[in-house]
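A.B. asks: Sending over a structure as structure tokens; questions will come in a sec.
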Amino acid sequence: MSQKKTDKYKNTISKQDTLITILKNLSNSIAIIILINILLTFVRKIASEKIGVTFSYEWVWWGVYSSIGLLCLCAFIFYIIISLPIIKFRVKPLTTTFDYLVSVFTIGIISNYFLIGGPVTFWSGSMLSNLFDILLIFSLVLFFYFFVGSIIRLIPKLSQDKIPNAHHEYNSGNPIETKDEDKLNRSDFANKLGEALENQQQNESLTIGLLGGWGSGKSSVYNMVKEYSSNLKIESGEESNILYIDFKPWYFGKDNHDIIRIYLFHFLEEIKKTRGYNPKIGKVIKQYADIISTVSVRSFGTIVSFKEMIDKFLPTRENVSLTELKKEIENLLLKFPKRIVVYIDDIDRLEGNEIRMMFKLVRLIADFPRVTYIMALDEEIVKKSLASIYQVDADSNFEDAKKYIEKFIQIPIYLPKPDNNDLETFFSEQIRDVIEKNNIEGANDIQIVKSLIDLKYSPRNIYRYKNLVQFYLPLLKSEVNINDLLYLIMIQVSSSDLYNFIYHNKKVLINEESTFTEGDRNKLNNIENINEYRDILETLFPSIVRLFGEELKKFKSSEKILWEKNKRICSYKFFDQYFVYGVPTNKISQTELTDLITLLRDGGLSEVKKGYINLIEKFSAAELNSKLGLRIEEISGPHQEKLLHILKDIYHLKYRKNTKFEGIDSILSLAKTIARNLHFENHVFDLQFWEDGNILFTIGIHNYLKQTNINKNELSVLKKAVQRAYINISDECFFINFNQSDAYTLWLNWNHYFSDDEIKLMVNNWIKSDDDFENILNFTFNNKHSGLLKNEEILIGLFINSTRYLTDEKIESYFKNKCFPSTEYELDEYITKTNYRNVGTFILAKNKLFKFIIEQLEEIFTLSVSQHILAQPKSYIHMGAELIIKFGNENQRLKIEENLKIIGDYNQEYIKEREAIEEAQRDLQLG
């Protein structure tokens with residue numbers, strides 16, 4: 001109830017001041033308008049009687065009229081340019097000089113025209129009369145524009161809180177004004193302090209130190225002290241015994257003496273407002289200020305001392321001492337009707353020398369009777385500032401600074417520490433307010449509040465924190481993990497060094513396998529109060545324990561996938577998102593993804609396909625598909641099937657032989673994820689679904705799903721789809737319609753869907769000439785000729801592999817008819833003549849085959865005998881031997897068969913011997 005009375009009292013005073021101002025301005029305006037009318041009447045009368053202007057030619061008249069009219073137009077345009085910003089920012093009418101000039105000038109001319117000088121006649125008199133008519137038109141237009149502009153300026157501008165989605169109110173962090181705003185239950189403390197000040201009886205000057213950290217609420221407590229005195233005045237009907245004066249020294253200049261002089265004049269201006277003020281006090285304080293402070297005016301390189309000027313022109317002033325002036329001030333203030341409380345704030349923002357000057361001010365220069373100083377300061381910061389001006393060791397500095405403060409502050413009062421329950425309630429209200437306004441779900445506000453309390457957040461810091469959250473949350477709430485963002489902003493507010501360390505060390509913080517230097521570790525551990533942030537850091541970056549010297553566990557791939565899915569700051573994909581004001585131009589927003597998912601649910605196939613294509617053209621397929629994959633669970637089965645259909649069509653649409661579409665692999669990757677989900681649900685596509693797709697897409701899906709070995713019906717359909725796709729493309733060599741890498745993929749997977757004999761028939765249809773055979777051999781040799789010639793084993797192995805899909809007729813024709821080239825030199829000659837590098841390499845390997853196989857068989861046999869082991873030639877040696885037996889000449893066949901028989905006989909004897917030994921060992925064990 002008392003607060004309402006206070007507000008009513010303040011509003012009454014404000015309305016009275018406003019009314020007085022309006023009446024004052026109105027009376028001035030009326031006086032000026034009357035003056036303008038008197039002047040205009042006199043000028044018009046003199047001009048009509050004394051000045052007679054006539055011209056022989058009419059065009060001269062119109063030239064004069066046009067010139068005057070042009071000047072008026074220019075003046076009107078100039079006024080429009082000046083007034084537009086005033087209208088835009090809704091400056092109240094009649095509050096600028098231009099407003100008064102325009103309104104008084106136009107009203108004066110209009111009233112003089114219509115009210116003075118007889119009947120109104122327009123454009124029917126002399127030239128001077130017509131010119132006055134032009135001036136009337138100009139005045140009417142100008143006044144109309146001014147009137148409309150004034151109406152617009154009275155209409156409130158559409159503020160930000162009326163704009164959709166911009167309804168947040170940012171808190172300036174300014175001190176609270178009344179106890180109704182007190183959320184930390186400090187009003188009782190303020191009332192007791194106010195009561196003590198009201199009941200103070202002694203006349204001596206007193207200095208009270210209100211001590212607390214920056215932003216802890218010192219000024220808020222002081223405001224509630226003033227409110228206590230105001231309520232006493234309203235309730236009792238009598239004036240308070242105290243005059244409160246606020247002073248902020250850091251507003252003023254660098255010169256310490258400036259602060260003293262400005263304070264004394266500020267003190268004087270405030271006490272003047274009190275009923276019963278003695279004007280003599282003002283005169284004496286001004287004399288005191290002039291003598292105690294030398295105020296210099298620097299201009300054009302010269303310095304003029306006011307003190308020197310006074311001493312020069314008033315030499316008798318020398319006889320007036322500071323002591324006498326101060327004594328006179330003290331005597332006058334003893335009779336002052338009120339006690340005076342001066343609140344000096346923001347002392348901790350001053351430098352060391354300035355702080356010393358403020359202490360001297362309150363205890364030596366202005367320690368007037370019936371004046372109590374309340375000095376609000378952060379004791380630790382003031383100690384550091386004072387310590388910095390001493391020239392001894394740091395510990396001694398700090399101790400000296402502490403003693404210095406104790407010397408000047410008579411009553412140190414420490415701001416009461418808020419109860420944790422009050423803090424928790426206050427912080428929770430602030431955080432939940434922002435979270436609810438942004439419709440956030442899943443935010444761990446309880447843990448966030450606990451961390452804020454653990455970090456000893458002051459009320460001002462919590463308002464700074466809330467403001468930053470309000471700013472970032474609407475921009476990033478869909479793009480990042482909310483809890484991580486709240487923690488990161490917490491660090492940003494309370495430790496800029498740690499925030500910058502995070503910003504510049506992405507790789508070290510995210511990748512557990514990345515190396516870090518001892519400098520990185522020291523940089524982190526040297527950050528002030530780093531241990532207070534350790535739990536938060538380990539929540540944000542699990543890998544950071546390495547920098548604290550602890551062993552790092554190996555994270556599972558499933559954990560990393562979950563980090564990405566939850567848009568955590570510890571994932572590479574989302575880290576950078578936390579340090580921007582929105583979504584980067586090349587990154588898709590979660591809002592756009594949501595729109596696409598909604599379109600999948602509600603739109604038709606062609607509409608969704610169009611939307612998907614627009615997004616991959618605006619961003620990239622890789623960007624879209626990687627982000628969409630993280631939200632695939634939001635899409636139901638039927639809609640996932642729709643998306644798979646679209647991916648199949650887009651893959652087919654974007655595939656090109658010679659230019660690989662960037663991101664086509666990401667299309668297949670997302671398709672595999674969707675196919676797996678549907679596969680596990682035993683979903684079976686009909687064969688027609690796959691028929692118009694790209695074979696590489698279908699093979700990729702089939703190879704991925706067959707690893708699961710479930711839903712065999714779907715796997716069977718997919719295998720048939722791949723077989724049909726192979727048949728559709730097998731009329732021509734794969735290299736004709738596919739790039740080399742994809743053609744090779746098709747070649748390697750062929751035998752999974754057809755027998756070797758079936759493939760041989762299709763390949764044989766490809767070979768119509770040596771050109772065709774050259775292309776087919778690309779599957780095997782793939783232009784590796786320089787390396788092949790240096791390693792005969794690889795050359796022979798590739799040759800044997802290349803014969804797998806060749807018919808016996810084709811192989812036999814080369815064994816019987818192709819004896820050139822047989823050496824590397826002949827190969828170069830062959831390539832020069834025919835330009836068939838692969839065919840030449842194929843023939844060279846065929847001609848080396850017999851010798852190589854024989855040498856291998858003999859070497860294997862010799863080694864096996866010497867080591868008494870089983871002789872086991874590699875599979876490609878067996879295949880090479882079979883080729884020679886089948887297609888070589890008689891002599892070659894006999895030698896190969898002979899060697900194989902020797903090895904076979906040796907292996908039989910070896911096996912019998914091993915069996916005999918094992919049987920003897922068993923008998924020995926039984927006996």
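Ligands are numbered from 1 in the order shown, chains are lettered A, B, ... in the order of the structure tokens, and residues start at 1 in each chain.
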List as a list in words the protein and nucleic acid residues near Ile107 (chain A), meaning an atom at most 10 Å away when only C-alpha atoms are counted, but skip any in the same chain fewer than 4 places from it.
C.D. replies: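 After dropping sequence-adjacent residues, the list is Ile30, Ile33, Ile36, Asn37, Val102, Ser103, Ser111, Asn112, Tyr113, Ser139, Leu140 and Phe143 of chain A.
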A.B. asks: List as a list of chain:residue names the protein and nucleic acid residues near Ile355 (chain A), meaning an atom at most 10 Å away when only C-alpha atoms are counted, but skip any in the same chain fewer than 2 places from it.
C.D. replies: A:Pro249, A:Trp250, A:Asn256, A:Ile347, A:Asp348, A:Arg349, A:Leu350, A:Glu351, A:Gly352, A:Asn353, A:Met357, A:Met358, A:Phe359, A:Lys360, A:Leu361, A:Val382, A:Lys383, A:Ser385, A:Leu386, A:Ile405
A.B. asks: Would you pick out the contacts of region 488-495 of chain A at 8 Å or less, using only C-alpha atoms, so that residues sharing its chain but fewer than 6 positions from it are not included, and give the list as a JSON list (two decimals) with all heavy atoms, in the first residue's frame?
C.D. replies:
```json
[["chain", "number", "residue", "atom", "x", "y", "z"],
["A", 452, "LEU", "N", 24.92, -22.43, -11.68],
["A", 452, "LEU", "CA", 24.97, -20.98, -11.49],
["A", 452, "LEU", "C", 25.29, -20.64, -10.04],
["A", 452, "LEU", "O", 26.08, -19.73, -9.75],
["A", 452, "LEU", "CB", 23.65, -20.35, -11.90],
["A", 452, "LEU", "CG", 23.31, -20.34, -13.39],
["A", 452, "LEU", "CD1", 21.86, -19.92, -13.61],
["A", 452, "LEU", "CD2", 24.23, -19.40, -14.15],
["A", 457, "TYR", "N", 27.25, -16.89, -8.99],
["A", 457, "TYR", "CA", 26.71, -15.83, -9.84],
["A", 457, "TYR", "C", 26.05, -14.75, -9.00],
["A", 457, "TYR", "O", 25.26, -15.04, -8.09],
["A", 457, "TYR", "CB", 25.68, -16.41, -10.81],
["A", 457, "TYR", "CG", 26.21, -16.61, -12.21],
["A", 457, "TYR", "CD1", 27.40, -17.29, -12.42],
["A", 457, "TYR", "CD2", 25.52, -16.11, -13.31],
["A", 457, "TYR", "CE1", 27.88, -17.47, -13.71],
["A", 457, "TYR", "CE2", 26.00, -16.28, -14.60],
["A", 457, "TYR", "CZ", 27.18, -16.97, -14.79],
["A", 457, "TYR", "OH", 27.66, -17.13, -16.06],
["A", 461, "ASN", "N", 25.06, -10.65, -12.72],
["A", 461, "ASN", "CA", 25.52, -11.66, -13.68],
["A", 461, "ASN", "C", 24.37, -12.54, -14.16],
["A", 461, "ASN", "O", 24.35, -12.97, -15.31],
["A", 461, "ASN", "CB", 26.62, -12.53, -13.06],
["A", 461, "ASN", "CG", 28.00, -11.99, -13.36],
["A", 461, "ASN", "OD1", 28.17, -11.09, -14.18],
["A", 461, "ASN", "ND2", 29.00, -12.53, -12.70],
["A", 464, "ARG", "N", 22.69, -10.65, -16.82],
["A", 464, "ARG", "CA", 23.51, -10.71, -18.04],
["A", 464, "ARG", "C", 23.34, -12.08, -18.72],
["A", 464, "ARG", "O", 23.21, -12.18, -19.94],
["A", 464, "ARG", "CB", 24.99, -10.47, -17.73],
["A", 464, "ARG", "CG", 25.34, -9.06, -17.32],
["A", 464, "ARG", "CD", 26.81, -8.95, -16.99],
["A", 464, "ARG", "NE", 27.64, -9.22, -18.16],
["A", 464, "ARG", "CZ", 28.85, -9.78, -18.11],
["A", 464, "ARG", "NH1", 29.36, -10.16, -16.96],
["A", 464, "ARG", "NH2", 29.53, -9.98, -19.20],
["A", 465, "TYR", "N", 23.36, -13.11, -17.88],
["A", 465, "TYR", "CA", 23.18, -14.47, -18.40],
["A", 465, "TYR", "C", 21.81, -14.62, -19.06],
["A", 465, "TYR", "O", 21.70, -15.13, -20.19],
["A", 465, "TYR", "CB", 23.33, -15.46, -17.25],
["A", 465, "TYR", "CG", 23.12, -16.90, -17.63],
["A", 465, "TYR", "CD1", 24.06, -17.59, -18.40],
["A", 465, "TYR", "CD2", 21.97, -17.60, -17.23],
["A", 465, "TYR", "CE1", 23.87, -18.92, -18.74],
["A", 465, "TYR", "CE2", 21.78, -18.92, -17.57],
["A", 465, "TYR", "CZ", 22.73, -19.58, -18.32],
["A", 465, "TYR", "OH", 22.53, -20.88, -18.67],
["A", 468, "LEU", "N", 21.68, -12.85, -22.46],
["A", 468, "LEU", "CA", 22.36, -13.59, -23.53],
["A", 468, "LEU", "C", 21.55, -14.82, -23.95],
["A", 468, "LEU", "O", 21.47, -15.13, -25.14],
["A", 468, "LEU", "CB", 23.76, -14.02, -23.07],
["A", 468, "LEU", "CG", 24.85, -12.96, -23.16],
["A", 468, "LEU", "CD1", 26.15, -13.49, -22.58],
["A", 468, "LEU", "CD2", 25.06, -12.52, -24.60],
["A", 469, "VAL", "N", 20.97, -15.49, -22.98],
["A", 469, "VAL", "CA", 20.14, -16.66, -23.30],
["A", 469, "VAL", "C", 18.95, -16.22, -24.15],
["A", 469, "VAL", "O", 18.59, -16.87, -25.14],
["A", 469, "VAL", "CB", 19.68, -17.38, -22.02],
["A", 469, "VAL", "CG1", 18.65, -18.45, -22.35],
["A", 469, "VAL", "CG2", 20.87, -18.01, -21.31]]
```
A.B. asks: What does the distance between CA of Ile701 (chain A) and CA of Lys672 (chain A) come to in Å, to one decimal place?
C.D. replies: 5.7 Å
A.B. asks: Excluding Ile759 (chain A) and any residue of its chain fewer than 6 positions from it, enumerate the residues within 9 Å of it, using only C-alpha atoms, and give them as a list in words.
C.D. replies: Trp750, Asn751, Tyr805 and Leu806 of chain A
A.B. asks: So which one's closest to Ala725 (chain A), A:Gln688, A:Asn483, A:Asn739, A:Asn713? Using only C-alpha atoms, please.
C.D. replies: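 Nearest to Ala725 (chain A): A:Gln688.
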A.B. asks: Under the rule that only C-alpha atoms are counted, which of A:Leu334, A:Ile109, A:Ala366, A:Leu455 is the nearest residue to Ile34 (chain A)?
C.D. replies: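 Smallest distance to Ile34 (chain A) is found for A:Ile109.
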A.B. asks: A:Ala387, A:Val480, A:Val684, A:Leu643: which is nearest Phe579 (chain A), counting only C-alpha atoms?
C.D. replies: A:Val480
A.B. asks: Between CA of Trp214 (chain A) and CA of Asp367 (chain A), what is the spacing in Å?
C.D. replies: 26.6 Å
A.B. asks: Residues at most 8 Å from region 518-526 of chain A, counting only C-alpha atoms, excluding those fewer than 6 positions away in the same chain, as number ranges by chain?
C.D. replies: A: 498, 501, 547-548
A.B. asks: Just all heavy atoms for this one: save the residues we selected as a PDB file, in the first residue's frame.
C.D. replies:
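Now in part_8.pdb:
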```
ATOM      1  N   LEU A 498      38.156 -18.615 -20.498  1.00  0.00           N
ATOM      2  CA  LEU A 498      37.778 -20.008 -20.768  1.00  0.00           C
ATOM      3  C   LEU A 498      36.939 -20.090 -22.041  1.00  0.00           C
ATOM      4  O   LEU A 498      37.109 -21.011 -22.854  1.00  0.00           O
ATOM      5  CB  LEU A 498      37.009 -20.581 -19.583  1.00  0.00           C
ATOM      6  CG  LEU A 498      36.534 -22.040 -19.715  1.00  0.00           C
ATOM      7  CD1 LEU A 498      37.692 -22.962 -20.048  1.00  0.00           C
ATOM      8  CD2 LEU A 498      35.828 -22.495 -18.446  1.00  0.00           C
ATOM      9  N   PHE A 501      39.233 -19.901 -24.904  1.00  0.00           N
ATOM     10  CA  PHE A 501      39.987 -21.155 -25.041  1.00  0.00           C
ATOM     11  C   PHE A 501      39.158 -22.200 -25.787  1.00  0.00           C
ATOM     12  O   PHE A 501      39.650 -22.889 -26.676  1.00  0.00           O
ATOM     13  CB  PHE A 501      40.373 -21.684 -23.657  1.00  0.00           C
ATOM     14  CG  PHE A 501      41.113 -22.997 -23.694  1.00  0.00           C
ATOM     15  CD1 PHE A 501      42.481 -23.034 -23.862  1.00  0.00           C
ATOM     16  CD2 PHE A 501      40.432 -24.205 -23.579  1.00  0.00           C
ATOM     17  CE1 PHE A 501      43.167 -24.243 -23.923  1.00  0.00           C
ATOM     18  CE2 PHE A 501      41.086 -25.414 -23.634  1.00  0.00           C
ATOM     19  CZ  PHE A 501      42.478 -25.434 -23.806  1.00  0.00           C
ATOM     20  N   LEU A 547      43.345 -33.105 -20.682  1.00  0.00           N
ATOM     21  CA  LEU A 547      44.053 -31.867 -20.359  1.00  0.00           C
ATOM     22  C   LEU A 547      44.183 -31.655 -18.860  1.00  0.00           C
ATOM     23  O   LEU A 547      44.967 -30.816 -18.418  1.00  0.00           O
ATOM     24  CB  LEU A 547      43.323 -30.674 -20.985  1.00  0.00           C
ATOM     25  CG  LEU A 547      43.290 -30.643 -22.512  1.00  0.00           C
ATOM     26  CD1 LEU A 547      42.510 -29.442 -23.008  1.00  0.00           C
ATOM     27  CD2 LEU A 547      44.700 -30.620 -23.075  1.00  0.00           C
ATOM     28  N   PHE A 548      43.415 -32.421 -18.079  1.00  0.00           N
ATOM     29  CA  PHE A 548      43.548 -32.363 -16.628  1.00  0.00           C
ATOM     30  C   PHE A 548      44.448 -33.491 -16.106  1.00  0.00           C
ATOM     31  O   PHE A 548      44.535 -33.708 -14.900  1.00  0.00           O
ATOM     32  CB  PHE A 548      42.171 -32.452 -15.966  1.00  0.00           C
ATOM     33  CG  PHE A 548      41.322 -31.237 -16.169  1.00  0.00           C
ATOM     34  CD1 PHE A 548      40.177 -31.293 -16.944  1.00  0.00           C
ATOM     35  CD2 PHE A 548      41.680 -30.029 -15.598  1.00  0.00           C
ATOM     36  CE1 PHE A 548      39.381 -30.169 -17.137  1.00  0.00           C
ATOM     37  CE2 PHE A 548      40.900 -28.886 -15.784  1.00  0.00           C
ATOM     38  CZ  PHE A 548      39.751 -28.954 -16.560  1.00  0.00           C
TER      39      PHE A 548
END
```
A.B. asks: Report, in Å with one decimal, the straight-line distance from CA of Gly212 (chain A) to CA of Asp433 (chain A).
C.D. replies: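 Computing it gives 27.4 Å between the two atoms.
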A.B. asks: Which residue, A:Ser458, A:Asn420, A:Asn203, A:Ser230, has the smallest gap to Arg370 (chain A) when you use only C-alpha atoms?
C.D. replies: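 Nearest to Arg370 (chain A): A:Asn203.
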A.B. asks: Could you go through region 190-277 of chain A and tell me which residues DSSP, when run on the backbone, assigns to helix (DSSP H, G or I), listing them as a PyMOL selection string?
C.D. replies: chain A and resi 190-198+218-236+249-251+256-271
